[in-house]
Amino acid sequence: MTSDMTFGTTFGTTGSLAVVSGGTRGIGLALSLRLAHLGHRVAALYRGDHQAAREAAALGAGRIETHQVDMTRPDEVRAVSERLLAEHGAPEVLVNNAGINRDRPFLELSDEDWDQVLATNLSGPFHLTRALAPAMVAAGRGAIVNVGATTGIRPRANGVNYCASKAGLLHFTRCLALELAPTIRVNSLVPGFTDTPEVVERYGLEDPVRRAEVLGQIPLRSLGTVEDIADALEFLVGRPGRYVTGQQLIIDGGNFMG
């Protein structure tokens, strides 16, 4: 079992709680910082990068507290959820962002490749939401945002495990939107090519030729930024999105028009 390592100062008494899984790096960090900027007390969950967790807590200036948890282990998810509820009450916002990919041709996928990706990307949101949603319903308010991927809508080669997990997450979102209404709104936030180190490395975008190929597929001819994704989250969890539930908001410069 992963030990629970926490960084950041103890939360004050003002501001509602927001929980972000995978909330200390890349898009997840931008989402945590935006929620902190909006006045939330943010519990950013992370798997193992302690340095990133320390940096996230520092950037949060007292509004971000990080908690180490392995999202593939239901007992750890339940334990951190119980701790947050006991210390801070029901979250107003839950963002299921944690995800991994292990890309290989289908015929080369191992049992572990399949199990770990599904356990993190689909079962993780199930366990975290199941642990926190009852308190949110009892509190009479809340918004849940599941961070998806366009490959959950449009398939690609060498990623059947990742695509299947994200497709499942989109339908998980719709089912929750039905069952948790009218108290809790549940939506999917779907980033396209976003300028993060992970995306640049994964798609070889440090190569100018490859980058030009990718940009040529995007009508707006640019990669998204993490701030673009944070802007979309702000809409979904804030007053402007108060009449939106069960939807998928795609932020990709027009690359996918489904």
# chains A, B, ... in the order shown; residues from 1 in each chain; ligands from 1
call {"tool": "residues_around", "arguments": {"residues": "A:Met257", "least_positions_apart": "2", "cutoff": "12 Å", "atoms": "only C-alpha atoms", "output": "PyMOL selection string"}}
result
chain A and resi 150+153-154+192+217-219+249-255
call {"tool": "closest_atom_pairs", "arguments": {"of": "stretch 119-176 of chain A", "to": "stretch 84-89 of chain A", "cutoff": "9 Å", "atoms": "only C-alpha atoms", "output": "tab-separated table"}}
result
residue	atom	partner	partner_atom	distance
A:Leu132	CA	A:Leu85	CA	7.8
A:Ala135	CA	A:Gly89	CA	7.8
A:Met136	CA	A:Gly89	CA	8.9
A:Ala139	CA	A:Gly89	CA	8.9
call {"tool": "closest_residue", "arguments": {"among": "A:Ala131, A:Thr196, A:Val214, A:Gly124", "to": "A:Arg83", "atoms": "only C-alpha atoms"}}
result
A:Ala131
call {"tool": "residues_around", "arguments": {"residues": "A:Ala57", "least_positions_apart": "2", "cutoff": "10 Å", "atoms": "only C-alpha atoms", "output": "list in words"}}
result
Thr6, Phe7, Gly8, Thr9, Thr24, Leu29, Ser32, Leu33, Val42, Ala43, Ala44, Gln51, Ala52, Ala53, Arg54, Glu55, Leu59, Gly60, Ala61, Gly62, Arg63, Ile64, Glu65 and Thr66 of chain A
call {"tool": "write_last_selection", "arguments": {"atoms": "N, CA, C and O atoms", "output": "mmCIF file, in the first residue's frame"}}
result
data_model
loop_
_atom_site.group_PDB
_atom_site.id
_atom_site.type_symbol
_atom_site.label_atom_id
_atom_site.label_comp_id
_atom_site.auth_asym_id
_atom_site.auth_seq_id
_atom_site.Cartn_x
_atom_site.Cartn_y
_atom_site.Cartn_z
ATOM 1 N N THR A 6 1.496 13.901 2.511
ATOM 2 C CA THR A 6 0.740 15.123 2.306
ATOM 3 C C THR A 6 1.672 16.307 2.335
ATOM 4 O O THR A 6 2.552 16.394 3.186
ATOM 5 N N PHE A 7 1.507 17.219 1.390
ATOM 6 C CA PHE A 7 2.275 18.447 1.350
ATOM 7 C C PHE A 7 1.311 19.617 1.321
ATOM 8 O O PHE A 7 0.222 19.529 0.774
ATOM 9 N N GLY A 8 1.734 20.726 1.884
ATOM 10 C CA GLY A 8 0.905 21.920 1.901
ATOM 11 C C GLY A 8 0.437 22.231 3.308
ATOM 12 O O GLY A 8 0.413 21.382 4.190
ATOM 13 N N THR A 9 0.049 23.461 3.513
ATOM 14 C CA THR A 9 -0.403 23.877 4.826
ATOM 15 C C THR A 9 -1.815 23.400 5.075
ATOM 16 O O THR A 9 -2.558 23.060 4.162
ATOM 17 N N THR A 24 -1.404 17.342 -9.684
ATOM 18 C CA THR A 24 -0.142 18.012 -9.379
ATOM 19 C C THR A 24 0.770 18.207 -10.583
ATOM 20 O O THR A 24 1.845 18.791 -10.439
ATOM 21 N N LEU A 29 -2.514 19.971 -12.773
ATOM 22 C CA LEU A 29 -1.989 21.074 -11.977
ATOM 23 C C LEU A 29 -2.689 22.378 -12.343
ATOM 24 O O LEU A 29 -3.062 23.168 -11.467
ATOM 25 N N SER A 32 -6.042 22.389 -10.724
ATOM 26 C CA SER A 32 -5.933 22.648 -9.286
ATOM 27 C C SER A 32 -5.691 24.127 -9.012
ATOM 28 O O SER A 32 -6.319 24.735 -8.126
ATOM 29 N N LEU A 33 -4.778 24.718 -9.772
ATOM 30 C CA LEU A 33 -4.453 26.130 -9.569
ATOM 31 C C LEU A 33 -5.645 27.026 -9.891
ATOM 32 O O LEU A 33 -5.897 28.012 -9.192
ATOM 33 N N VAL A 42 -8.199 23.222 -2.298
ATOM 34 C CA VAL A 42 -8.009 22.128 -3.252
ATOM 35 C C VAL A 42 -7.224 20.986 -2.618
ATOM 36 O O VAL A 42 -6.133 21.195 -2.067
ATOM 37 N N ALA A 43 -7.783 19.792 -2.696
ATOM 38 C CA ALA A 43 -7.069 18.572 -2.346
ATOM 39 C C ALA A 43 -6.647 17.920 -3.657
ATOM 40 O O ALA A 43 -7.484 17.391 -4.398
ATOM 41 N N ALA A 44 -5.359 18.012 -3.979
ATOM 42 C CA ALA A 44 -4.817 17.457 -5.223
ATOM 43 C C ALA A 44 -4.231 16.081 -4.938
ATOM 44 O O ALA A 44 -3.295 15.954 -4.142
ATOM 45 N N GLN A 51 8.126 15.361 -5.763
ATOM 46 C CA GLN A 51 8.629 16.692 -6.107
ATOM 47 C C GLN A 51 7.529 17.538 -6.745
ATOM 48 O O GLN A 51 7.351 18.712 -6.406
ATOM 49 N N ALA A 52 6.787 16.937 -7.671
ATOM 50 C CA ALA A 52 5.675 17.664 -8.290
ATOM 51 C C ALA A 52 4.637 18.046 -7.250
ATOM 52 O O ALA A 52 4.052 19.132 -7.306
ATOM 53 N N ALA A 53 4.410 17.173 -6.270
ATOM 54 C CA ALA A 53 3.436 17.471 -5.221
ATOM 55 C C ALA A 53 3.899 18.657 -4.376
ATOM 56 O O ALA A 53 3.109 19.542 -4.038
ATOM 57 N N ARG A 54 5.176 18.674 -4.038
ATOM 58 C CA ARG A 54 5.706 19.809 -3.257
ATOM 59 C C ARG A 54 5.566 21.110 -4.039
ATOM 60 O O ARG A 54 5.185 22.154 -3.490
ATOM 61 N N GLU A 55 5.885 21.059 -5.329
ATOM 62 C CA GLU A 55 5.803 22.265 -6.155
ATOM 63 C C GLU A 55 4.358 22.736 -6.292
ATOM 64 O O GLU A 55 4.078 23.937 -6.262
ATOM 65 N N LEU A 59 2.951 26.346 -5.194
ATOM 66 C CA LEU A 59 2.270 27.227 -6.136
ATOM 67 C C LEU A 59 0.872 27.592 -5.639
ATOM 68 O O LEU A 59 0.363 28.680 -5.940
ATOM 69 N N GLY A 60 0.271 26.707 -4.873
ATOM 70 C CA GLY A 60 -1.071 26.962 -4.369
ATOM 71 C C GLY A 60 -1.133 27.977 -3.262
ATOM 72 O O GLY A 60 -2.230 28.412 -2.889
ATOM 73 N N ALA A 61 0.014 28.366 -2.735
ATOM 74 C CA ALA A 61 0.086 29.436 -1.730
ATOM 75 C C ALA A 61 -0.903 29.224 -0.582
ATOM 76 O O ALA A 61 -1.652 30.114 -0.202
ATOM 77 N N GLY A 62 -0.912 28.001 -0.058
ATOM 78 C CA GLY A 62 -1.765 27.715 1.083
ATOM 79 C C GLY A 62 -3.150 27.222 0.750
ATOM 80 O O GLY A 62 -3.909 26.847 1.656
ATOM 81 N N ARG A 63 -3.511 27.183 -0.535
ATOM 82 C CA ARG A 63 -4.857 26.744 -0.924
ATOM 83 C C ARG A 63 -4.861 25.352 -1.557
ATOM 84 O O ARG A 63 -5.919 24.837 -1.915
ATOM 85 N N ILE A 64 -3.672 24.757 -1.747
ATOM 86 C CA ILE A 64 -3.591 23.411 -2.304
ATOM 87 C C ILE A 64 -2.879 22.504 -1.312
ATOM 88 O O ILE A 64 -1.774 22.798 -0.865
ATOM 89 N N GLU A 65 -3.539 21.407 -0.970
ATOM 90 C CA GLU A 65 -2.938 20.363 -0.148
ATOM 91 C C GLU A 65 -2.909 19.099 -0.981
ATOM 92 O O GLU A 65 -3.902 18.759 -1.635
ATOM 93 N N THR A 66 -1.783 18.403 -1.009
ATOM 94 C CA THR A 66 -1.655 17.213 -1.845
ATOM 95 C C THR A 66 -1.694 15.955 -0.993
ATOM 96 O O THR A 66 -1.226 15.935 0.141
#
call {"tool": "atom_distance", "arguments": {"atom1": "atom CA of A:Met5", "atom2": "atom CA of A:Val20"}}
result
15.8 Å
call {"tool": "select_by_dssp", "arguments": {"residues": "stretch 90-253 of chain A", "states": "alpha helix (DSSP H)", "output": "JSON list (two decimals) with N, CA, C and O atoms, in the first residue's frame"}}
result
[["chain", "number", "residue", "atom", "x", "y", "z"],
["A", 111, "ASP", "N", -1.79, -8.51, -20.09],
["A", 111, "ASP", "CA", -2.87, -8.38, -19.12],
["A", 111, "ASP", "C", -2.67, -7.13, -18.26],
["A", 111, "ASP", "O", -3.62, -6.40, -17.96],
["A", 112, "GLU", "N", -1.42, -6.88, -17.85],
["A", 112, "GLU", "CA", -1.13, -5.73, -17.00],
["A", 112, "GLU", "C", -1.38, -4.42, -17.74],
["A", 112, "GLU", "O", -1.89, -3.46, -17.16],
["A", 113, "ASP", "N", -1.02, -4.37, -19.03],
["A", 113, "ASP", "CA", -1.28, -3.16, -19.82],
["A", 113, "ASP", "C", -2.77, -2.82, -19.82],
["A", 113, "ASP", "O", -3.16, -1.66, -19.68],
["A", 114, "TRP", "N", -3.58, -3.83, -19.99],
["A", 114, "TRP", "CA", -5.03, -3.61, -20.00],
["A", 114, "TRP", "C", -5.54, -3.26, -18.61],
["A", 114, "TRP", "O", -6.24, -2.27, -18.41],
["A", 115, "ASP", "N", -5.17, -4.07, -17.62],
["A", 115, "ASP", "CA", -5.73, -3.91, -16.28],
["A", 115, "ASP", "C", -5.34, -2.58, -15.64],
["A", 115, "ASP", "O", -6.18, -1.92, -15.01],
["A", 116, "GLN", "N", -4.08, -2.17, -15.78],
["A", 116, "GLN", "CA", -3.63, -0.94, -15.13],
["A", 116, "GLN", "C", -4.28, 0.31, -15.74],
["A", 116, "GLN", "O", -4.65, 1.24, -15.02],
["A", 117, "VAL", "N", -4.42, 0.32, -17.04],
["A", 117, "VAL", "CA", -5.04, 1.48, -17.69],
["A", 117, "VAL", "C", -6.52, 1.57, -17.34],
["A", 117, "VAL", "O", -7.03, 2.64, -16.98],
["A", 118, "LEU", "N", -7.23, 0.47, -17.40],
["A", 118, "LEU", "CA", -8.66, 0.49, -17.03],
["A", 118, "LEU", "C", -8.84, 0.79, -15.55],
["A", 118, "LEU", "O", -9.76, 1.54, -15.17],
["A", 124, "GLY", "N", -10.79, 4.05, -11.27],
["A", 124, "GLY", "CA", -10.39, 5.09, -10.33],
["A", 124, "GLY", "C", -11.48, 6.14, -10.15],
["A", 124, "GLY", "O", -11.88, 6.44, -9.01],
["A", 125, "PRO", "N", -12.01, 6.73, -11.23],
["A", 125, "PRO", "CA", -13.12, 7.66, -11.09],
["A", 125, "PRO", "C", -14.35, 7.04, -10.42],
["A", 125, "PRO", "O", -15.04, 7.71, -9.64],
["A", 126, "PHE", "N", -14.63, 5.78, -10.70],
["A", 126, "PHE", "CA", -15.75, 5.11, -10.04],
["A", 126, "PHE", "C", -15.56, 5.09, -8.53],
["A", 126, "PHE", "O", -16.46, 5.48, -7.76],
["A", 127, "HIS", "N", -14.39, 4.63, -8.08],
["A", 127, "HIS", "CA", -14.16, 4.50, -6.64],
["A", 127, "HIS", "C", -14.14, 5.86, -5.94],
["A", 127, "HIS", "O", -14.71, 6.01, -4.85],
["A", 128, "LEU", "N", -13.51, 6.86, -6.57],
["A", 128, "LEU", "CA", -13.43, 8.17, -5.93],
["A", 128, "LEU", "C", -14.80, 8.84, -5.89],
["A", 128, "LEU", "O", -15.19, 9.43, -4.87],
["A", 129, "THR", "N", -15.54, 8.74, -6.97],
["A", 129, "THR", "CA", -16.87, 9.35, -7.01],
["A", 129, "THR", "C", -17.82, 8.65, -6.06],
["A", 129, "THR", "O", -18.60, 9.30, -5.35],
["A", 130, "ARG", "N", -17.75, 7.33, -6.00],
["A", 130, "ARG", "CA", -18.62, 6.60, -5.07],
["A", 130, "ARG", "C", -18.34, 6.98, -3.62],
["A", 130, "ARG", "O", -19.26, 7.04, -2.80],
["A", 131, "ALA", "N", -17.08, 7.28, -3.33],
["A", 131, "ALA", "CA", -16.71, 7.63, -1.96],
["A", 131, "ALA", "C", -17.16, 9.03, -1.58],
["A", 131, "ALA", "O", -17.49, 9.29, -0.41],
["A", 132, "LEU", "N", -17.20, 9.96, -2.54],
["A", 132, "LEU", "CA", -17.46, 11.36, -2.23],
["A", 132, "LEU", "C", -18.88, 11.83, -2.58],
["A", 132, "LEU", "O", -19.40, 12.75, -1.95],
["A", 133, "ALA", "N", -19.49, 11.22, -3.58],
["A", 133, "ALA", "CA", -20.79, 11.71, -4.06],
["A", 133, "ALA", "C", -21.89, 11.68, -3.00],
["A", 133, "ALA", "O", -22.72, 12.60, -2.96],
["A", 134, "PRO", "N", -21.97, 10.65, -2.14],
["A", 134, "PRO", "CA", -23.05, 10.68, -1.14],
["A", 134, "PRO", "C", -23.04, 11.93, -0.27],
["A", 134, "PRO", "O", -24.09, 12.50, 0.02],
["A", 135, "ALA", "N", -21.85, 12.36, 0.13],
["A", 135, "ALA", "CA", -21.75, 13.57, 0.95],
["A", 135, "ALA", "C", -22.13, 14.81, 0.14],
["A", 135, "ALA", "O", -22.73, 15.75, 0.68],
["A", 136, "MET", "N", -21.79, 14.82, -1.14],
["A", 136, "MET", "CA", -22.15, 15.94, -1.99],
["A", 136, "MET", "C", -23.67, 16.02, -2.15],
["A", 136, "MET", "O", -24.27, 17.09, -2.08],
["A", 137, "VAL", "N", -24.31, 14.87, -2.35],
["A", 137, "VAL", "CA", -25.77, 14.85, -2.47],
["A", 137, "VAL", "C", -26.42, 15.31, -1.16],
["A", 137, "VAL", "O", -27.36, 16.11, -1.16],
["A", 138, "ALA", "N", -25.88, 14.82, -0.04],
["A", 138, "ALA", "CA", -26.43, 15.21, 1.25],
["A", 138, "ALA", "C", -26.27, 16.70, 1.50],
["A", 138, "ALA", "O", -27.14, 17.33, 2.13],
["A", 139, "ALA", "N", -25.18, 17.29, 0.98],
["A", 139, "ALA", "CA", -24.95, 18.73, 1.14],
["A", 139, "ALA", "C", -25.83, 19.55, 0.21],
["A", 139, "ALA", "O", -25.96, 20.77, 0.38],
["A", 160, "VAL", "N", -5.94, 0.58, -27.71],
["A", 160, "VAL", "CA", -7.28, 0.05, -27.44],
["A", 160, "VAL", "C", -7.62, 0.12, -25.95],
["A", 160, "VAL", "O", -8.78, 0.39, -25.58],
["A", 161, "ASN", "N", -6.64, -0.06, -25.08],
["A", 161, "ASN", "CA", -6.90, 0.01, -23.65],
["A", 161, "ASN", "C", -7.26, 1.43, -23.22],
["A", 161, "ASN", "O", -8.23, 1.66, -22.48],
["A", 162, "TYR", "N", -6.49, 2.40, -23.70],
["A", 162, "TYR", "CA", -6.74, 3.80, -23.36],
["A", 162, "TYR", "C", -8.06, 4.27, -23.96],
["A", 162, "TYR", "O", -8.88, 4.91, -23.27],
["A", 163, "CYS", "N", -8.29, 3.96, -25.24],
["A", 163, "CYS", "CA", -9.53, 4.38, -25.90],
["A", 163, "CYS", "C", -10.75, 3.78, -25.20],
["A", 163, "CYS", "O", -11.76, 4.47, -24.99],
["A", 164, "ALA", "N", -10.67, 2.51, -24.85],
["A", 164, "ALA", "CA", -11.79, 1.85, -24.18],
["A", 164, "ALA", "C", -12.06, 2.49, -22.82],
["A", 164, "ALA", "O", -13.22, 2.69, -22.43],
["A", 165, "SER", "N", -10.99, 2.82, -22.10],
["A", 165, "SER", "CA", -11.18, 3.43, -20.78],
["A", 165, "SER", "C", -11.84, 4.79, -20.89],
["A", 165, "SER", "O", -12.71, 5.14, -20.08],
["A", 166, "LYS", "N", -11.43, 5.58, -21.86],
["A", 166, "LYS", "CA", -11.99, 6.92, -22.00],
["A", 166, "LYS", "C", -13.40, 6.89, -22.58],
["A", 166, "LYS", "O", -14.23, 7.74, -22.26],
["A", 167, "ALA", "N", -13.68, 5.92, -23.45],
["A", 167, "ALA", "CA", -15.05, 5.76, -23.93],
["A", 167, "ALA", "C", -15.97, 5.39, -22.78],
["A", 167, "ALA", "O", -17.09, 5.90, -22.65],
["A", 168, "GLY", "N", -15.50, 4.49, -21.93],
["A", 168, "GLY", "CA", -16.28, 4.12, -20.76],
["A", 168, "GLY", "C", -16.51, 5.30, -19.84],
["A", 168, "GLY", "O", -17.60, 5.45, -19.25],
["A", 169, "LEU", "N", -15.51, 6.16, -19.69],
["A", 169, "LEU", "CA", -15.63, 7.32, -18.81],
["A", 169, "LEU", "C", -16.70, 8.29, -19.32],
["A", 169, "LEU", "O", -17.44, 8.89, -18.53],
["A", 170, "LEU", "N", -16.81, 8.44, -20.64],
["A", 170, "LEU", "CA", -17.84, 9.32, -21.20],
["A", 170, "LEU", "C", -19.24, 8.80, -20.87],
["A", 170, "LEU", "O", -20.14, 9.57, -20.51],
["A", 171, "HIS", "N", -19.44, 7.49, -20.97],
["A", 171, "HIS", "CA", -20.77, 6.95, -20.66],
["A", 171, "HIS", "C", -21.00, 6.92, -19.15],
["A", 171, "HIS", "O", -22.15, 7.12, -18.70],
["A", 172, "PHE", "N", -19.96, 6.69, -18.39],
["A", 172, "PHE", "CA", -20.04, 6.81, -16.93],
["A", 172, "PHE", "C", -20.55, 8.20, -16.55],
["A", 172, "PHE", "O", -21.41, 8.34, -15.67],
["A", 173, "THR", "N", -20.05, 9.21, -17.25],
["A", 173, "THR", "CA", -20.48, 10.59, -17.00],
["A", 173, "THR", "C", -21.97, 10.76, -17.24],
["A", 173, "THR", "O", -22.69, 11.35, -16.42],
["A", 174, "ARG", "N", -22.46, 10.25, -18.35],
["A", 174, "ARG", "CA", -23.87, 10.41, -18.68],
["A", 174, "ARG", "C", -24.77, 9.69, -17.66],
["A", 174, "ARG", "O", -25.81, 10.21, -17.25],
["A", 175, "CYS", "N", -24.35, 8.49, -17.27],
["A", 175, "CYS", "CA", -25.15, 7.74, -16.29],
["A", 175, "CYS", "C", -25.19, 8.47, -14.96],
["A", 175, "CYS", "O", -26.26, 8.56, -14.33],
["A", 176, "LEU", "N", -24.05, 8.99, -14.52],
["A", 176, "LEU", "CA", -24.04, 9.74, -13.27],
["A", 176, "LEU", "C", -24.89, 10.99, -13.37],
["A", 176, "LEU", "O", -25.58, 11.37, -12.40],
["A", 177, "ALA", "N", -24.84, 11.67, -14.52],
["A", 177, "ALA", "CA", -25.64, 12.88, -14.69],
["A", 177, "ALA", "C", -27.12, 12.58, -14.52],
["A", 177, "ALA", "O", -27.87, 13.39, -13.95],
["A", 178, "LEU", "N", -27.56, 11.42, -14.99],
["A", 178, "LEU", "CA", -28.95, 11.03, -14.80],
["A", 178, "LEU", "C", -29.27, 10.72, -13.34],
["A", 178, "LEU", "O", -30.27, 11.17, -12.80],
["A", 179, "GLU", "N", -28.39, 9.95, -12.71],
["A", 179, "GLU", "CA", -28.69, 9.47, -11.37],
["A", 179, "GLU", "C", -28.50, 10.50, -10.27],
["A", 179, "GLU", "O", -29.19, 10.45, -9.24],
["A", 180, "LEU", "N", -27.57, 11.43, -10.46],
["A", 180, "LEU", "CA", -27.27, 12.40, -9.41],
["A", 180, "LEU", "C", -28.03, 13.71, -9.57],
["A", 180, "LEU", "O", -27.96, 14.57, -8.70],
["A", 197, "PRO", "N", 4.40, 18.63, -21.37],
["A", 197, "PRO", "CA", 5.56, 17.76, -21.64],
["A", 197, "PRO", "C", 5.16, 16.35, -22.02],
["A", 197, "PRO", "O", 5.77, 15.73, -22.90],
["A", 198, "GLU", "N", 4.11, 15.82, -21.37],
["A", 198, "GLU", "CA", 3.69, 14.46, -21.66],
["A", 198, "GLU", "C", 3.18, 14.32, -23.09],
["A", 198, "GLU", "O", 3.51, 13.37, -23.80],
["A", 199, "VAL", "N", 2.39, 15.28, -23.55],
["A", 199, "VAL", "CA", 1.85, 15.23, -24.91],
["A", 199, "VAL", "C", 2.96, 15.43, -25.94],
["A", 199, "VAL", "O", 3.02, 14.74, -26.96],
["A", 200, "VAL", "N", 3.85, 16.37, -25.67],
["A", 200, "VAL", "CA", 4.97, 16.63, -26.59],
["A", 200, "VAL", "C", 5.81, 15.37, -26.77],
["A", 200, "VAL", "O", 6.17, 14.99, -27.89],
["A", 201, "GLU", "N", 6.12, 14.69, -25.65],
["A", 201, "GLU", "CA", 6.94, 13.48, -25.74],
["A", 201, "GLU", "C", 6.17, 12.34, -26.38],
["A", 201, "GLU", "O", 6.69, 11.63, -27.25],
["A", 202, "ARG", "N", 4.92, 12.17, -25.98],
["A", 202, "ARG", "CA", 4.12, 11.04, -26.45],
["A", 202, "ARG", "C", 3.92, 11.07, -27.95],
["A", 202, "ARG", "O", 3.96, 10.02, -28.61],
["A", 208, "PRO", "N", 10.06, 19.25, -35.50],
["A", 208, "PRO", "CA", 9.29, 20.27, -36.22],
["A", 208, "PRO", "C", 8.39, 19.69, -37.33],
["A", 208, "PRO", "O", 7.29, 20.20, -37.56],
["A", 209, "VAL", "N", 8.87, 18.64, -37.98],
["A", 209, "VAL", "CA", 8.07, 18.05, -39.05],
["A", 209, "VAL", "C", 6.81, 17.40, -38.47],
["A", 209, "VAL", "O", 5.70, 17.58, -38.98],
["A", 210, "ARG", "N", 7.00, 16.64, -37.40],
["A", 210, "ARG", "CA", 5.85, 15.99, -36.77],
["A", 210, "ARG", "C", 4.89, 17.03, -36.20],
["A", 210, "ARG", "O", 3.67, 16.90, -36.32],
["A", 211, "ARG", "N", 5.43, 18.09, -35.58],
["A", 211, "ARG", "CA", 4.58, 19.14, -35.05],
["A", 211, "ARG", "C", 3.76, 19.79, -36.16],
["A", 211, "ARG", "O", 2.56, 20.05, -36.00],
["A", 212, "ALA", "N", 4.38, 20.06, -37.28],
["A", 212, "ALA", "CA", 3.67, 20.67, -38.40],
["A", 212, "ALA", "C", 2.55, 19.76, -38.90],
["A", 212, "ALA", "O", 1.47, 20.23, -39.27],
["A", 213, "GLU", "N", 2.81, 18.44, -38.90],
["A", 213, "GLU", "CA", 1.77, 17.49, -39.32],
["A", 213, "GLU", "C", 0.56, 17.57, -38.39],
["A", 213, "GLU", "O", -0.59, 17.58, -38.84],
["A", 214, "VAL", "N", 0.84, 17.60, -37.09],
["A", 214, "VAL", "CA", -0.25, 17.66, -36.11],
["A", 214, "VAL", "C", -1.02, 18.97, -36.22],
["A", 214, "VAL", "O", -2.25, 18.99, -36.26],
["A", 215, "LEU", "N", -0.29, 20.07, -36.30],
["A", 215, "LEU", "CA", -0.95, 21.37, -36.40],
["A", 215, "LEU", "C", -1.78, 21.47, -37.67],
["A", 215, "LEU", "O", -2.81, 22.16, -37.69],
["A", 216, "GLY", "N", -1.35, 20.78, -38.72],
["A", 216, "GLY", "CA", -2.10, 20.80, -39.97],
["A", 216, "GLY", "C", -3.46, 20.13, -39.86],
["A", 216, "GLY", "O", -4.34, 20.38, -40.69],
["A", 226, "VAL", "N", -2.74, 24.65, -21.22],
["A", 226, "VAL", "CA", -3.41, 24.18, -20.02],
["A", 226, "VAL", "C", -4.39, 25.23, -19.50],
["A", 226, "VAL", "O", -5.39, 24.89, -18.86],
["A", 227, "GLU", "N", -4.13, 26.49, -19.81],
["A", 227, "GLU", "CA", -5.07, 27.54, -19.41],
["A", 227, "GLU", "C", -6.39, 27.43, -20.19],
["A", 227, "GLU", "O", -7.46, 27.74, -19.66],
["A", 228, "ASP", "N", -6.31, 27.00, -21.45],
["A", 228, "ASP", "CA", -7.54, 26.77, -22.22],
["A", 228, "ASP", "C", -8.41, 25.71, -21.53],
["A", 228, "ASP", "O", -9.64, 25.85, -21.45],
["A", 229, "ILE", "N", -7.76, 24.67, -21.04],
["A", 229, "ILE", "CA", -8.51, 23.59, -20.38],
["A", 229, "ILE", "C", -9.06, 24.08, -19.04],
["A", 229, "ILE", "O", -10.19, 23.77, -18.67],
["A", 230, "ALA", "N", -8.27, 24.87, -18.32],
["A", 230, "ALA", "CA", -8.73, 25.43, -17.05],
["A", 230, "ALA", "C", -9.91, 26.37, -17.26],
["A", 230, "ALA", "O", -10.84, 26.43, -16.43],
["A", 231, "ASP", "N", -9.89, 27.13, -18.35],
["A", 231, "ASP", "CA", -11.03, 28.01, -18.66],
["A", 231, "ASP", "C", -12.31, 27.20, -18.82],
["A", 231, "ASP", "O", -13.39, 27.59, -18.34],
["A", 232, "ALA", "N", -12.19, 26.06, -19.49],
["A", 232, "ALA", "CA", -13.37, 25.21, -19.70],
["A", 232, "ALA", "C", -13.86, 24.64, -18.38],
["A", 232, "ALA", "O", -15.07, 24.55, -18.13],
["A", 233, "LEU", "N", -12.93, 24.23, -17.52],
["A", 233, "LEU", "CA", -13.33, 23.74, -16.21],
["A", 233, "LEU", "C", -14.07, 24.82, -15.42],
["A", 233, "LEU", "O", -15.10, 24.56, -14.80],
["A", 234, "GLU", "N", -13.55, 26.04, -15.47],
["A", 234, "GLU", "CA", -14.18, 27.13, -14.75],
["A", 234, "GLU", "C", -15.63, 27.32, -15.21],
["A", 234, "GLU", "O", -16.53, 27.56, -14.40],
["A", 235, "PHE", "N", -15.86, 27.19, -16.51],
["A", 235, "PHE", "CA", -17.23, 27.28, -17.02],
["A", 235, "PHE", "C", -18.10, 26.15, -16.48],
["A", 235, "PHE", "O", -19.22, 26.38, -16.01],
["A", 236, "LEU", "N", -17.58, 24.93, -16.50],
["A", 236, "LEU", "CA", -18.40, 23.78, -16.12],
["A", 236, "LEU", "C", -18.76, 23.77, -14.64],
["A", 236, "LEU", "O", -19.85, 23.32, -14.27],
["A", 237, "VAL", "N", -17.86, 24.25, -13.79],
["A", 237, "VAL", "CA", -18.14, 24.18, -12.35],
["A", 237, "VAL", "C", -18.75, 25.47, -11.81],
["A", 237, "VAL", "O", -19.21, 25.50, -10.67]]
call {"tool": "atom_distance", "arguments": {"atom1": "atom CA of A:Arg73", "atom2": "atom CA of A:His50"}}
result
18.6 Å
call {"tool": "residues_around", "arguments": {"residues": "A:Asp195", "least_positions_apart": "6", "cutoff": "6 Å", "atoms": "only C-alpha atoms", "output": "list in words"}}
result
Leu223, Gly224 and Thr225 of chain A
call {"tool": "write_last_selection", "arguments": {"atoms": "N, CA, C and O atoms", "output": "PDB file, in the first residue's frame"}}
result
ATOM      1  N   LEU A 223      -1.582  24.192 -30.778  1.00  0.00           N
ATOM      2  CA  LEU A 223      -1.888  23.319 -29.663  1.00  0.00           C
ATOM      3  C   LEU A 223      -2.685  24.100 -28.627  1.00  0.00           C
ATOM      4  O   LEU A 223      -2.566  25.325 -28.534  1.00  0.00           O
ATOM      5  N   GLY A 224      -3.474  23.391 -27.862  1.00  0.00           N
ATOM      6  CA  GLY A 224      -4.139  24.034 -26.747  1.00  0.00           C
ATOM      7  C   GLY A 224      -3.154  24.285 -25.620  1.00  0.00           C
ATOM      8  O   GLY A 224      -2.065  23.703 -25.575  1.00  0.00           O
ATOM      9  N   THR A 225      -3.512  25.146 -24.706  1.00  0.00           N
ATOM     10  CA  THR A 225      -2.716  25.382 -23.511  1.00  0.00           C
ATOM     11  C   THR A 225      -3.466  24.849 -22.303  1.00  0.00           C
ATOM     12  O   THR A 225      -4.693  24.644 -22.358  1.00  0.00           O
TER      13      THR A 225
END
call {"tool": "atom_distance", "arguments": {"atom1": "atom CA of A:Val186", "atom2": "atom CA of A:Pro91"}}
result
13.7 Å
call {"tool": "select_by_dssp", "arguments": {"residues": "stretch 20-215 of chain A", "states": "strand (DSSP E)", "output": "ChimeraX atom specification"}}
result
/A:20-21,41-46,64-68,93-96,143-147,185-191
call {"tool": "residues_around", "arguments": {"residues": "A:Glu76", "least_positions_apart": "4", "cutoff": "12 Å", "atoms": "only C-alpha atoms", "output": "list of chain:residue names"}}
result
A:Met1, A:Thr2, A:Ser3, A:Asp4, A:Leu45, A:Tyr46, A:Arg47, A:His67, A:Gln68, A:Val69, A:Asp70, A:Met71, A:Thr72, A:Val80, A:Ser81, A:Glu82, A:Arg83, A:Gly124, A:His127, A:Leu128, A:Ala131
